[in-house]
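Asks: Provided herewith: protein_14.cif, mmCIF, C-alpha atoms and all ligand atoms.
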data_upload
#
loop_
_atom_site.label_atom_id
_atom_site.label_comp_id
_atom_site.auth_asym_id
_atom_site.auth_seq_id
_atom_site.Cartn_x
_atom_site.Cartn_y
_atom_site.Cartn_z
CA MET E 640 34.44 -42.55 -105.28
CA PRO E 641 32.77 -43.58 -108.52
CA SER E 642 30.27 -41.39 -110.29
CA CYS E 643 27.08 -42.55 -111.96
CA ALA E 644 27.47 -43.20 -115.70
CA ALA E 645 23.96 -41.87 -116.34
CA CYS E 646 23.48 -38.82 -114.11
CA ASN E 647 27.10 -38.13 -113.07
CA GLN E 648 26.32 -37.94 -109.39
CA ILE E 649 29.00 -39.12 -106.99
CA ILE E 650 27.93 -42.50 -105.65
CA VAL E 651 28.41 -42.58 -101.92
CA TYR E 652 26.96 -45.95 -101.15
CA GLY E 653 26.76 -49.23 -103.04
CA PRO E 654 27.19 -48.50 -106.74
CA ILE E 655 25.35 -50.86 -109.08
CA ARG E 656 27.87 -52.24 -111.53
CA ARG E 657 27.20 -53.28 -115.09
CA ASP E 658 30.06 -53.98 -117.49
CA ASP E 659 32.68 -51.41 -116.48
CA LYS E 660 30.16 -48.73 -115.50
CA CYS E 661 28.77 -47.69 -112.16
CA PHE E 662 25.25 -46.42 -111.54
CA CYS E 663 23.65 -44.72 -108.55
CA SER E 664 20.29 -46.43 -109.02
CA HIS E 665 18.52 -49.02 -111.11
CA ALA E 666 16.51 -46.25 -112.72
CA CYS E 667 19.77 -44.71 -113.97
CA MET E 668 21.06 -48.04 -115.21
CA ASN E 669 17.84 -48.57 -117.15
CA THR E 670 18.40 -45.36 -119.09
CA LEU E 671 21.43 -46.99 -120.74
CA TYR E 672 20.33 -50.61 -120.76
CA PRO E 673 16.96 -51.85 -122.05
CA ILE E 674 14.87 -53.99 -119.73
CA GLU E 675 14.50 -56.99 -121.96
CA PHE E 676 15.12 -60.64 -121.31
CA CYS E 677 17.37 -62.29 -123.87
CA GLN E 678 16.20 -65.43 -125.66
CA ARG E 679 18.23 -67.72 -123.43
CA CYS E 680 16.63 -66.27 -120.30
CA LEU E 681 13.18 -66.41 -121.91
CA ASP E 682 13.75 -70.07 -122.73
CA GLU E 683 14.61 -71.00 -119.17
CA THR E 684 11.71 -69.11 -117.57
CA HIS E 685 7.97 -68.65 -117.88
CA GLU E 686 5.45 -66.04 -116.83
CA PRO E 687 4.68 -66.41 -113.17
CA SER E 688 1.09 -67.54 -113.02
CA ASP E 689 0.65 -67.77 -109.27
CA ILE E 690 1.49 -64.26 -108.21
CA SER E 691 2.13 -60.85 -109.59
CA LEU E 692 5.76 -59.96 -109.10
CA SER E 693 5.53 -56.49 -110.48
CA GLN E 694 5.03 -55.26 -106.96
CA ALA E 695 7.35 -53.43 -104.68
CA GLY E 696 10.22 -55.36 -103.17
CA GLY E 697 11.47 -54.85 -99.68
CA CYS E 698 9.62 -55.19 -96.43
CA GLY E 699 6.07 -55.82 -95.44
CA ALA E 700 3.58 -57.34 -97.80
CA GLY E 701 5.92 -57.14 -100.77
CA PHE E 702 8.60 -59.45 -101.94
CA TYR E 703 12.09 -59.90 -100.71
CA ASN E 704 15.05 -60.83 -102.82
CA SER E 705 18.15 -62.52 -101.69
CA LEU E 706 20.87 -64.75 -103.01
CA TRP E 707 21.83 -62.77 -106.06
CA GLN E 708 23.69 -65.01 -108.41
CA GLY E 709 25.17 -62.60 -110.89
CA ASN E 710 23.94 -61.05 -114.07
CA CYS E 711 23.16 -62.76 -117.33
CA PRO E 712 26.08 -61.75 -119.58
CA THR E 713 23.67 -61.00 -122.44
CA CYS E 714 20.71 -59.14 -121.00
CA GLY E 715 21.82 -58.44 -117.42
CA SER E 716 18.86 -60.04 -115.66
CA GLN E 717 19.64 -61.49 -112.27
CA VAL E 718 18.65 -64.71 -110.58
CA ALA E 719 16.94 -64.17 -107.27
CA ARG E 720 15.13 -66.26 -104.79
CA VAL E 721 11.90 -64.46 -104.05
CA TRP E 722 10.26 -64.57 -100.67
CA ILE E 723 7.14 -63.17 -99.17
CA ALA E 724 8.38 -61.13 -96.25
CA LEU E 725 6.66 -60.59 -92.97
CA LEU E 726 8.03 -57.74 -90.89
CA CYS E 727 11.14 -57.64 -93.07
CA VAL E 728 11.93 -61.29 -92.43
CA PRO E 729 11.86 -63.62 -95.44
CA PHE E 730 9.04 -65.95 -94.59
CA ILE E 731 7.66 -67.96 -97.49
CA PRO E 732 10.02 -68.95 -100.32
CA LEU E 733 8.39 -68.65 -103.74
CA GLY E 734 11.14 -70.08 -105.85
CA ARG E 735 13.82 -68.82 -108.18
CA TYR E 736 13.17 -66.06 -110.64
CA ARG E 737 15.02 -64.04 -113.21
CA VAL E 738 14.44 -60.41 -112.39
CA PHE E 739 15.06 -56.94 -113.68
CA TYR E 740 14.83 -54.02 -111.38
CA VAL E 741 12.67 -51.33 -112.94
CA SER E 742 13.49 -48.96 -110.11
CA ASP E 743 15.06 -49.58 -106.72
CA PHE E 744 11.71 -50.79 -105.43
CA GLU E 745 10.01 -52.41 -108.38
CA PHE E 746 11.00 -55.34 -110.47
CA ILE E 747 9.71 -57.61 -113.18
CA ALA E 748 10.32 -61.30 -112.89
CA ARG E 749 9.94 -64.54 -114.75
CA ARG E 750 9.91 -67.83 -112.96
CA ILE E 751 12.74 -70.26 -113.65
CA ARG E 752 11.47 -73.63 -114.81
ZN ZN E 801 22.52 -41.85 -111.48
ZN ZN E 802 19.68 -63.07 -120.40
#
Please lay out the structure from this file as C-alpha cells.
Replies:
Amino acid sequence: MPSCAACNQIIVYGPIRRDDKCFCSHACMNTLYPIEFCQRCLDETHEPSDISLSQAGGCGAGFYNSLWQGNCPTCGSQVARVWIALLCVPFIPLGRYRVFYVSDFEFIARRIR
C-alpha cells in the first residue's frame, strides 16, 4: 500500500495521485503543491459571478462534482462539472469549472468560458 508523501501515513483507500506521488488527502497534497491557477487555466476561465463555489462539496445544499477530466499538467487544477445536489443526487448542472480542492470538502473554482 502506498504511503502519503506529506504525512507518511499508509493510505488505505483511494490515494490522490500527483506526478509520481501519493497523498492521503487534498490537505496533504496542498502542503507540497501551491493552490494557484496557471496562466493558461486563468485565460480559459473567469470568476464565477452567479454563485459562490467556495462552499463545501458533497451532499445536501452544497455542490457536487463529477466527471473529472484529469489534471492540468502545469498547475494541477481539475475540470469538473458542478451540480447543485439535492439529497446527494446531482440535480441542477451549473456548468464546467476548473477547481482546486482546498481540503477534501472545500474547493475553489473558476468557470470555464
Ligand atoms: Zn497525508
Ligand atoms: Zn493550469
Asks: Could you report the residues within 8 Å of ligand ZN 801 (chain E), using all atoms listed in the file, as a PyMOL selection string?
Replies: chain E and resi 642-648+650+662-664+666-668
Asks: When the cut-off is 12 Å and you count all atoms listed in the file, which residues lie near ligand ZN 802 (chain E), shown as a list in words?
Replies: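 If we count all atoms listed in the file, the neighbours of ligand ZN 802 (chain E) turn out to be Pro673, Ile674, Glu675, Phe676, Cys677, Gln678, Arg679, Cys680, Leu681, Asp682, Glu683, Thr684, Gly709, Asn710, Cys711, Pro712, Thr713, Cys714, Gly715, Ser716, Gln717, Val718, Arg737, Val738, Phe739 and Arg749 of chain E.
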Asks: Quick one: what's the axis-aligned box for range 671-677 of chain E, all listed atoms, 3 Å on every side, centre and edges in Å to one decimal, as JSON?
Replies:
{"center_x": 18.0, "center_y": -54.6, "center_z": -121.8, "size_x": 12.9, "size_y": 21.3, "size_z": 10.1}
Asks: Find the distance between CA of His665 in chain E and CA of Ser742 in chain E and write it in Å to one decimal.
Replies: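 Going from CA of His665 in chain E over to CA of Ser742 in chain E covers 5.1 Å.
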Asks: By how many Å are CA of Tyr736 in chain E and CA of Ala719 in chain E apart?
Replies: 5.4 Å
Asks: Expressed in Å to a single decimal, how great is the separation between CA of Ile747 in chain E and CA of Val651 in chain E?
Replies: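 Between CA of Ile747 in chain E and CA of Val651 in chain E the gap is 26.5 Å.
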Asks: Between E:Val741, E:Val721, E:Ile655, E:Met640, which has the minimum distance to Asn669 in chain E (counting all atoms listed in the file)?
Replies: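 Between E:Val741, E:Val721, E:Ile655, E:Met640, the residue approaching Asn669 in chain E most closely is E:Val741.
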